[in-house]
Structures are given as structure tokens and as C-alpha cells.
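Coordinates as given in my_file03.csv (CSV, C-alpha atoms and all ligand atoms):
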chain,number,residue,atom,x,y,z
A,1,MET,CA,90.5,125.7,85.1
A,2,MET,CA,88.5,125.9,88.3
A,3,LEU,CA,88.8,124.1,91.7
A,4,LYS,CA,85.8,124.0,94.1
A,5,THR,CA,85.5,123.5,97.8
A,6,GLU,CA,82.5,123.7,100.1
A,7,ARG,CA,82.6,127.5,100.4
A,8,LEU,CA,85.2,128.6,97.9
A,9,TYR,CA,86.4,128.3,94.3
A,10,LEU,CA,89.9,128.9,92.9
A,11,ARG,CA,90.3,130.3,89.4
A,12,PRO,CA,93.2,131.7,87.4
A,13,MET,CA,94.5,135.2,88.3
A,14,LEU,CA,93.4,137.9,85.8
A,15,GLU,CA,94.7,141.3,85.0
A,16,GLU,CA,91.5,142.8,86.6
A,17,ASP,CA,92.5,141.3,89.9
A,18,ALA,CA,95.4,143.7,90.2
A,19,GLN,CA,93.8,146.3,92.5
A,20,PHE,CA,92.6,143.7,95.0
A,21,ILE,CA,96.0,142.0,95.1
A,22,VAL,CA,97.9,145.2,95.6
A,23,ASP,CA,95.5,146.4,98.4
A,24,MET,CA,95.7,143.0,100.1
A,25,ARG,CA,99.5,142.9,99.9
A,26,ASN,CA,100.1,146.5,101.1
A,27,ASN,CA,98.3,145.8,104.4
A,28,THR,CA,100.7,146.3,107.3
A,29,ASN,CA,100.0,142.9,108.9
A,30,ILE,CA,100.5,141.1,105.6
A,31,LEU,CA,103.7,143.0,104.9
A,32,ASN,CA,105.0,142.0,108.3
A,33,SER,CA,104.6,138.3,107.5
A,34,LEU,CA,106.4,138.4,104.1
A,35,PHE,CA,110.1,138.4,103.4
A,36,SER,CA,110.0,141.8,101.7
A,37,CYS,CA,108.3,144.8,103.3
A,38,LYS,CA,108.2,146.8,100.1
A,39,MET,CA,104.8,148.3,99.1
A,40,LEU,CA,103.7,147.3,95.7
A,41,THR,CA,102.1,149.6,93.0
A,42,VAL,CA,99.5,148.4,90.6
A,43,GLN,CA,101.9,149.0,87.7
A,44,GLU,CA,104.6,146.9,89.3
A,45,HIS,CA,102.2,144.1,89.9
A,46,LEU,CA,100.9,144.3,86.3
A,47,ASN,CA,104.5,144.1,85.0
A,48,TRP,CA,105.1,141.0,87.1
A,49,TYR,CA,101.8,139.5,86.0
A,50,LYS,CA,102.4,140.1,82.3
A,51,ASN,CA,106.0,138.7,82.5
A,52,ASN,CA,104.6,135.5,84.1
A,53,LEU,CA,101.6,134.9,81.8
A,54,ASN,CA,103.5,132.3,79.8
A,55,ASN,CA,105.6,131.0,82.6
A,56,ASP,CA,104.8,127.3,83.0
A,57,ASN,CA,107.0,127.1,86.1
A,58,ARG,CA,104.3,128.7,88.2
A,59,ILE,CA,100.6,128.9,88.7
A,60,ASP,CA,98.7,131.7,90.5
A,61,LEU,CA,95.1,131.3,91.5
A,62,MET,CA,92.5,133.7,93.0
A,63,ILE,CA,90.5,132.3,96.0
A,64,CYS,CA,86.9,133.5,95.8
A,65,LYS,CA,83.8,133.0,97.9
A,66,LYS,CA,81.0,131.0,96.3
A,67,ASP,CA,78.2,132.9,97.9
A,68,ASP,CA,79.1,136.4,96.6
A,69,ASN,CA,82.0,135.8,94.2
A,70,LYS,CA,84.2,138.1,96.2
A,71,ARG,CA,88.0,137.6,96.1
A,72,ILE,CA,89.5,136.7,99.4
A,73,GLY,CA,93.1,135.9,98.6
A,74,THR,CA,95.6,134.1,96.4
A,75,VAL,CA,97.3,130.7,96.3
A,76,ASN,CA,100.3,129.8,94.2
A,77,LEU,CA,102.9,127.2,93.2
A,78,ALA,CA,106.2,128.6,92.1
A,79,ASN,CA,109.5,127.1,90.9
A,80,ILE,CA,107.7,124.1,89.5
A,81,ASP,CA,110.6,121.7,88.8
A,82,TYR,CA,109.4,119.0,86.5
A,83,LYS,CA,112.6,117.0,86.5
A,84,ASN,CA,112.9,116.8,90.3
A,85,GLN,CA,109.1,116.8,90.8
A,86,LYS,CA,109.0,119.5,93.4
A,87,ALA,CA,107.5,123.0,93.7
A,88,GLU,CA,107.2,125.8,96.2
A,89,PHE,CA,103.8,126.7,97.8
A,90,GLY,CA,102.5,130.1,98.9
A,91,ILE,CA,99.2,131.6,100.1
A,92,MET,CA,97.8,134.9,101.2
A,93,ILE,CA,94.4,135.8,102.6
A,94,ALA,CA,93.2,139.4,102.9
A,95,GLU,CA,93.1,140.4,106.6
A,96,SER,CA,89.3,140.9,106.8
A,97,PHE,CA,88.9,137.2,105.9
A,98,TRP,CA,91.4,135.7,108.4
A,99,ASN,CA,90.5,133.0,110.9
A,100,LYS,CA,87.5,131.5,109.1
A,101,GLY,CA,89.3,128.4,107.8
A,102,TYR,CA,89.5,129.8,104.3
A,103,ALA,CA,93.3,129.3,104.0
A,104,TYR,CA,93.1,125.7,105.1
A,105,GLU,CA,90.1,124.9,102.9
A,106,SER,CA,91.6,126.3,99.8
A,107,SER,CA,95.2,125.0,100.4
A,108,GLN,CA,94.0,121.5,101.0
A,109,LYS,CA,92.3,121.4,97.6
A,110,PHE,CA,95.1,123.2,95.8
A,111,ILE,CA,97.8,121.0,97.2
A,112,GLN,CA,95.9,117.8,96.3
A,113,TYR,CA,95.4,119.2,92.7
A,114,SER,CA,99.1,120.2,92.5
A,115,PHE,CA,100.5,116.8,93.4
A,116,ASN,CA,98.4,115.2,90.6
A,117,GLN,CA,98.5,117.9,88.0
A,118,PHE,CA,102.3,118.4,88.0
A,119,ASN,CA,103.2,114.9,89.1
A,120,LEU,CA,105.0,116.2,92.2
A,121,ASN,CA,106.9,114.2,94.8
A,122,LYS,CA,107.4,117.2,97.2
A,123,ILE,CA,105.9,120.6,97.9
A,124,TYR,CA,108.0,122.9,100.1
A,125,LEU,CA,108.0,126.4,101.4
A,126,GLU,CA,109.9,129.0,103.4
A,127,VAL,CA,108.3,131.0,106.1
A,128,LEU,CA,109.5,133.5,108.7
A,129,LYS,CA,110.0,131.6,112.0
A,130,GLU,CA,108.0,134.3,113.8
A,131,ASN,CA,104.9,133.8,111.5
A,132,ASN,CA,103.0,131.5,113.8
A,133,ALA,CA,99.7,131.8,111.9
A,134,ALA,CA,101.2,130.5,108.7
A,135,ILE,CA,103.3,127.8,110.5
A,136,ASN,CA,100.3,126.5,112.3
A,137,LEU,CA,98.4,126.4,109.0
A,138,TYR,CA,101.2,124.5,107.2
A,139,GLN,CA,101.4,122.0,110.1
A,140,LYS,CA,97.7,121.4,109.9
A,141,LEU,CA,98.1,120.8,106.2
A,142,GLY,CA,100.7,118.1,106.9
A,143,PHE,CA,103.9,120.1,106.3
A,144,LYS,CA,106.9,119.2,108.5
A,145,GLU,CA,109.8,121.4,109.5
A,146,ILE,CA,112.9,120.2,107.8
A,147,GLY,CA,115.4,122.9,108.5
A,148,ILE,CA,116.1,126.4,109.6
A,149,LEU,CA,118.0,129.2,107.9
A,150,LYS,CA,119.4,131.3,110.7
A,151,GLU,CA,119.3,135.1,110.2
A,152,ASP,CA,118.4,134.7,106.6
A,153,ILE,CA,116.2,137.8,106.1
A,154,PHE,CA,117.1,141.3,107.1
A,155,LYS,CA,113.9,143.1,107.8
A,156,ASN,CA,112.9,146.1,109.9
A,157,GLY,CA,116.5,146.4,111.2
A,158,LYS,CA,116.8,142.8,112.3
A,159,PHE,CA,118.0,139.5,110.9
A,160,LYS,CA,115.1,136.9,110.9
A,161,ASP,CA,115.2,133.1,111.0
A,162,VAL,CA,113.4,131.3,108.2
A,163,LEU,CA,111.9,127.8,108.5
A,164,ILE,CA,111.9,125.4,105.5
A,165,MET,CA,108.9,123.0,105.5
A,166,SER,CA,107.9,120.2,103.2
A,167,LEU,CA,105.1,117.9,102.4
A,168,PHE,CA,105.6,114.6,100.4
A,169,ARG,CA,103.0,113.1,98.2
A,170,ASP,CA,103.2,109.9,100.3
A,171,ASP,CA,102.3,111.9,103.4
A,172,LEU,CA,98.9,112.6,102.0
A,173,GLU,CA,98.0,109.0,101.2
A,201,LIG,C1,98.6,132.5,107.2
A,201,LIG,C2,97.2,132.9,106.6
A,201,LIG,C3,97.2,132.5,105.2
A,201,LIG,C4,96.1,132.1,107.4
A,201,LIG,O1,94.9,132.3,106.8
A,201,LIG,P1,93.5,132.0,107.5
A,201,LIG,O2,92.4,131.9,106.5
A,201,LIG,O3,93.3,133.0,108.6
A,201,LIG,O4,93.8,130.6,108.1
A,201,LIG,P2,92.6,129.5,108.6
A,201,LIG,O5,91.5,130.3,109.2
A,201,LIG,O6,92.4,128.6,107.4
A,201,LIG,O7,93.4,128.7,109.7
A,201,LIG,C5,94.0,127.5,109.5
A,201,LIG,C6,95.0,127.2,110.6
A,201,LIG,O8,96.0,128.2,110.6
A,201,LIG,C7,96.4,128.5,111.9
A,201,LIG,N1,96.2,129.9,112.2
A,201,LIG,C8,95.5,130.8,111.4
A,201,LIG,N2,95.6,132.0,112.0
A,201,LIG,C9,96.3,131.9,113.1
A,201,LIG,C10,96.7,132.8,114.1
A,201,LIG,N3,96.4,134.1,114.0
A,201,LIG,N4,97.4,132.3,115.1
A,201,LIG,C11,97.8,131.0,115.2
A,201,LIG,N5,97.4,130.1,114.3
A,201,LIG,C12,96.7,130.5,113.2
A,201,LIG,C13,95.6,127.6,112.8
A,201,LIG,O9,96.3,126.4,113.0
A,201,LIG,C14,94.4,127.3,112.0
A,201,LIG,O10,93.8,126.1,112.3
A,201,LIG,P3,92.7,126.1,113.5
A,201,LIG,O11,91.7,127.1,113.2
A,201,LIG,O12,92.1,124.7,113.4
A,201,LIG,O13,93.4,126.4,114.7
A,201,LIG,C15,96.9,134.4,106.8
A,201,LIG,O14,97.1,134.7,108.1
A,201,LIG,C16,97.7,135.3,105.9
A,201,LIG,O15,97.4,135.5,104.7
A,201,LIG,N6,98.8,135.8,106.4
A,201,LIG,C17,99.6,136.7,105.7
A,201,LIG,C18,100.3,136.1,104.5
A,201,LIG,C19,101.2,135.0,105.0
A,201,LIG,O16,101.7,135.0,106.1
A,201,LIG,N7,101.4,134.0,104.1
A,201,LIG,C20,102.4,133.0,104.3
A,201,LIG,C21,103.7,133.6,104.0
A,201,LIG,S1,104.9,132.3,104.0
Show me the file's structure as C-alpha cells.
Amino acid sequence: MMLKTERLYLRPMLEEDAQFIVDMRNNTNILNSLFSCKMLTVQEHLNWYKNNLNNDNRIDLMICKKDDNKRIGTVNLANIDYKNQKAEFGIMIAESFWNKGYAYESSQKFIQYSFNQFNLNKIYLEVLKENNAAINLYQKLGFKEIGILKEDIFKNGKFKDVLIMSLFRDDLE
């Protein structure tokens, strides 16, 4: 399985991607944007990876550059709910590759693929209200804010608000 865009390709996550993923995730600016601020070890990541290998309720892809095959991030669909035709979207780009349009380029392709491949009606996500970069990205992709969970995440000594956003198949057509 491989998805291609102008500058990128998306391929399934492999065991050998562990070190890149852990390094990307343990970056302070990335941790600040996530719900949990826990550092991850390679072993913890590998346990998670192996536990999910046969999980057909999620899909995790690596985002790579076509020109040098370097990994730049991950994109995923979780909680794929076949009965209700919905799933939860997530993306992460390593900090050294931010602001180059890579998240938008890869997400657009992945979302289009996901609607078709899993016959979805809705893709939704949750994001910290203070995460402007991600919220702007999601809005640019067509996601609309549908609700707010007040003081939903306790992080760095404070309760943080969380936005729920969603994108319907019909919005894309
Ligand atoms: C959010 C994230 C994926 C954006 O990746 P990126 O490759 O830098 O994003 P792009 O370059 O494709 O930008 C797409 C749009 O996102 C928005 N955006 C990206 N970075 C931004 C920033 N620092 N401030 C404001 N808006 C920003 C803009 O609307 C941008 O469109 P524009 O360039 O036309 O203005 C990246 O910052 C990241 O991985 N952050 C940490 C993980 C994270 O927050 N994931 C989401 C958790 S729910």
C-alpha cells in the first residue's frame, strides 16, 4: 500500500521506523502539542506497534520525501468504526520539516484515501484549543469545529480545553 503526492509518499509503518518516531515524538515542541507529555522509549513504542499490527481499527503510515526517501512524520486513522462509518484522524511532522506544506499535502491525500477505502461518512479529531498550528491545518483541510470540551486535559499543572472537529464526506465533493 502506497500513496503518492507531488513531493511525498505515504507507506505503512515498519518496526525499523521506531527510532525516528520516538525521536520525533520526544521533541519538546511536539510534546507540548499532544494530550500526554510523557516521553516515550523505543521499547514502549515497539510494544504498542506489535500490539496493533493486526488491529484493523487503525492505520498508521509514515510520511516520506520522494527526493531522498527521508521520513518526515506520521499520519493515522484510529478508532475506525465500520458500523457508524467514522474514524479519528491524527498527524505529526518532525519539527525540522514544519511550515513547508508537508502536513497539508499528505493529509489531503490520506483523507481522500480514507473516505474511500473505509467507506467513511465522517472523519473527526480532538485537538488542544491552544494548538493553533494544528487547528489552522485542520481548517484548511475542511474540518469544522463542532464542539469544545472545557478543561478536559490536565497538563503542565493546568486544565486545557479541547476542540472537537469533523469533516464529512459530502464536504469534500
Ligand atoms: C500541526 C503540524 C502537523 C503542521 O505541520 P506542517 O507541515 O508544519 O504544516 P503545513 O506546512 O502543511 O501547514 C498547513 C497549514 O497549517 C497551518 N499552520 C502550520 N503551522 C502553523 C503555525 N506555526 N502557526 C499557524 N498556522 C500554522 C497553516 O494554516 C498552514 O497553511 P498555510 O501555510 O497556507 O498558512 C505540525 O506543526 C506538527 O506536527 N505539530 C505537532 C503535532 C501536532 O500538533 N499534531 C496534531 C495534534 S492533534
Which one of A:Ile164, A:Ala18, A:Met24, A:Ile80 sits closest to Glu44 (chain A) if you count all atoms listed in the file? A:Ala18
Hey, could you make a per-residue contact list for chain A against ligand LIG 201 (chain A) with 10 Å as the cut-off, showing the nearest pair of atoms and its distance in Å to one decimal, counting all atoms listed in the file, sorted by chain and number, as JSON lines?
{"residue": "A:Met24", "atom": "CA", "partner": "A:LIG201", "partner_atom": "O15", "distance": 9.0}
{"residue": "A:Arg25", "atom": "CA", "partner": "A:LIG201", "partner_atom": "C18", "distance": 8.2}
{"residue": "A:Asn27", "atom": "CA", "partner": "A:LIG201", "partner_atom": "C17", "distance": 9.3}
{"residue": "A:Thr28", "atom": "CA", "partner": "A:LIG201", "partner_atom": "C17", "distance": 9.8}
{"residue": "A:Asn29", "atom": "CA", "partner": "A:LIG201", "partner_atom": "C17", "distance": 7.0}
{"residue": "A:Ile30", "atom": "CA", "partner": "A:LIG201", "partner_atom": "C17", "distance": 4.5}
{"residue": "A:Leu31", "atom": "CA", "partner": "A:LIG201", "partner_atom": "C17", "distance": 7.6}
{"residue": "A:Asn32", "atom": "CA", "partner": "A:LIG201", "partner_atom": "C17", "distance": 8.0}
{"residue": "A:Ser33", "atom": "CA", "partner": "A:LIG201", "partner_atom": "O16", "distance": 4.6}
{"residue": "A:Leu34", "atom": "CA", "partner": "A:LIG201", "partner_atom": "C21", "distance": 5.5}
{"residue": "A:Phe35", "atom": "CA", "partner": "A:LIG201", "partner_atom": "C21", "distance": 8.0}
{"residue": "A:Ile72", "atom": "CA", "partner": "A:LIG201", "partner_atom": "O2", "distance": 9.0}
{"residue": "A:Gly73", "atom": "CA", "partner": "A:LIG201", "partner_atom": "O15", "distance": 7.5}
{"residue": "A:Thr74", "atom": "CA", "partner": "A:LIG201", "partner_atom": "O15", "distance": 8.6}
{"residue": "A:Val75", "atom": "CA", "partner": "A:LIG201", "partner_atom": "C3", "distance": 9.1}
{"residue": "A:Phe89", "atom": "CA", "partner": "A:LIG201", "partner_atom": "S1", "distance": 8.4}
{"residue": "A:Gly90", "atom": "CA", "partner": "A:LIG201", "partner_atom": "S1", "distance": 6.1}
{"residue": "A:Ile91", "atom": "CA", "partner": "A:LIG201", "partner_atom": "N7", "distance": 5.2}
{"residue": "A:Met92", "atom": "CA", "partner": "A:LIG201", "partner_atom": "O15", "distance": 3.6}
{"residue": "A:Ile93", "atom": "CA", "partner": "A:LIG201", "partner_atom": "O15", "distance": 3.7}
{"residue": "A:Ala94", "atom": "CA", "partner": "A:LIG201", "partner_atom": "O15", "distance": 6.0}
{"residue": "A:Glu95", "atom": "CA", "partner": "A:LIG201", "partner_atom": "O15", "distance": 6.8}
{"residue": "A:Ser96", "atom": "CA", "partner": "A:LIG201", "partner_atom": "O3", "distance": 9.0}
{"residue": "A:Phe97", "atom": "CA", "partner": "A:LIG201", "partner_atom": "O2", "distance": 6.4}
{"residue": "A:Trp98", "atom": "CA", "partner": "A:LIG201", "partner_atom": "O3", "distance": 3.3}
{"residue": "A:Asn99", "atom": "CA", "partner": "A:LIG201", "partner_atom": "O5", "distance": 3.3}
{"residue": "A:Lys100", "atom": "CA", "partner": "A:LIG201", "partner_atom": "O5", "distance": 4.2}
{"residue": "A:Gly101", "atom": "CA", "partner": "A:LIG201", "partner_atom": "O6", "distance": 3.1}
{"residue": "A:Tyr102", "atom": "CA", "partner": "A:LIG201", "partner_atom": "O2", "distance": 4.2}
{"residue": "A:Ala103", "atom": "CA", "partner": "A:LIG201", "partner_atom": "O6", "distance": 3.6}
{"residue": "A:Tyr104", "atom": "CA", "partner": "A:LIG201", "partner_atom": "O6", "distance": 3.8}
{"residue": "A:Glu105", "atom": "CA", "partner": "A:LIG201", "partner_atom": "O6", "distance": 6.3}
{"residue": "A:Ser106", "atom": "CA", "partner": "A:LIG201", "partner_atom": "O6", "distance": 8.0}
{"residue": "A:Ser107", "atom": "CA", "partner": "A:LIG201", "partner_atom": "O6", "distance": 8.4}
{"residue": "A:Gln108", "atom": "CA", "partner": "A:LIG201", "partner_atom": "O6", "distance": 9.7}
{"residue": "A:Leu125", "atom": "CA", "partner": "A:LIG201", "partner_atom": "S1", "distance": 7.2}
{"residue": "A:Glu126", "atom": "CA", "partner": "A:LIG201", "partner_atom": "S1", "distance": 6.0}
{"residue": "A:Val127", "atom": "CA", "partner": "A:LIG201", "partner_atom": "S1", "distance": 4.2}
{"residue": "A:Leu128", "atom": "CA", "partner": "A:LIG201", "partner_atom": "S1", "distance": 6.7}
{"residue": "A:Lys129", "atom": "CA", "partner": "A:LIG201", "partner_atom": "S1", "distance": 9.5}
{"residue": "A:Glu130", "atom": "CA", "partner": "A:LIG201", "partner_atom": "O16", "distance": 10.0}
{"residue": "A:Asn131", "atom": "CA", "partner": "A:LIG201", "partner_atom": "O16", "distance": 6.4}
{"residue": "A:Asn132", "atom": "CA", "partner": "A:LIG201", "partner_atom": "C11", "distance": 5.4}
{"residue": "A:Ala133", "atom": "CA", "partner": "A:LIG201", "partner_atom": "C12", "distance": 3.5}
{"residue": "A:Ala134", "atom": "CA", "partner": "A:LIG201", "partner_atom": "C1", "distance": 3.6}
{"residue": "A:Ile135", "atom": "CA", "partner": "A:LIG201", "partner_atom": "C7", "distance": 7.1}
{"residue": "A:Asn136", "atom": "CA", "partner": "A:LIG201", "partner_atom": "O9", "distance": 4.1}
{"residue": "A:Leu137", "atom": "CA", "partner": "A:LIG201", "partner_atom": "O8", "distance": 3.4}
{"residue": "A:Tyr138", "atom": "CA", "partner": "A:LIG201", "partner_atom": "O8", "distance": 7.2}
{"residue": "A:Gln139", "atom": "CA", "partner": "A:LIG201", "partner_atom": "O9", "distance": 7.3}
{"residue": "A:Lys140", "atom": "CA", "partner": "A:LIG201", "partner_atom": "O9", "distance": 6.0}
{"residue": "A:Leu141", "atom": "CA", "partner": "A:LIG201", "partner_atom": "C6", "distance": 8.4}
{"residue": "A:Val162", "atom": "CA", "partner": "A:LIG201", "partner_atom": "S1", "distance": 9.5}
{"residue": "A:Leu163", "atom": "CA", "partner": "A:LIG201", "partner_atom": "S1", "distance": 9.5}
{"residue": "A:Ile164", "atom": "CA", "partner": "A:LIG201", "partner_atom": "S1", "distance": 9.9}
Using Å and a single decimal, report how far CA of Ile59 (chain A) sits from CA of Tyr9 (chain A). 15.3 Å
Which residue out of A:Glu88, A:Asp17, A:Asp23, A:Asp171 has the minimum interatomic distance to Lys144 (chain A) when only C-alpha atoms are used?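 Among the listed residues, the smallest separation from Lys144 (chain A) belongs to A:Asp171.
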Could you tell me which of A:Leu61, A:Arg11, A:Cys37, A:Leu3 comes closest to Gly157 (chain A) if we count all atoms listed in the file?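 Checking each of A:Leu61, A:Arg11, A:Cys37, A:Leu3 against Gly157 (chain A), counting all atoms listed in the file, the winner is A:Cys37.
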One-decimal distance in Å that lies between CA of Thr5 (chain A) and CA of Arg71 (chain A):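 One can read the CA of Arg71 (chain A) to CA of Thr5 (chain A) distance as 14.4 Å.
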Quick one: pull the distance between CA of Pro12 (chain A) and CA of Ile63 (chain A), Å, one decimal.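 Interatomic distance, CA of Pro12 (chain A) to CA of Ile63 (chain A): 9.0 Å.
Here the question is which of A:Phe168, A:Phe143, A:Phe154, A:Tyr49 gets nearest to Lys86 (chain A) using only C-alpha atoms, and that residue is A:Phe168.
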For Ile21 (chain A), which residue out of A:Ala78, A:Met62, A:Ile146, A:Ile111 is the nearest one, using only C-alpha atoms? A:Met62
Using only C-alpha atoms, pick whichever of A:Leu120, A:Leu167, A:Met39, A:Leu8 has the shortest atom-to-atom distance to Glu145 (chain A). A:Leu167
List every protein, DNA or RNA residue that has at least one atom no more than 8 Å from (99.3, 149.9, 92.6) in the file's coordinates, counting all atoms listed in the file, and write the result as a list in words. Ala18, Gln19, Val22, Asp23, Leu40, Thr41, Val42, Gln43, Glu44 and His45 of chain A
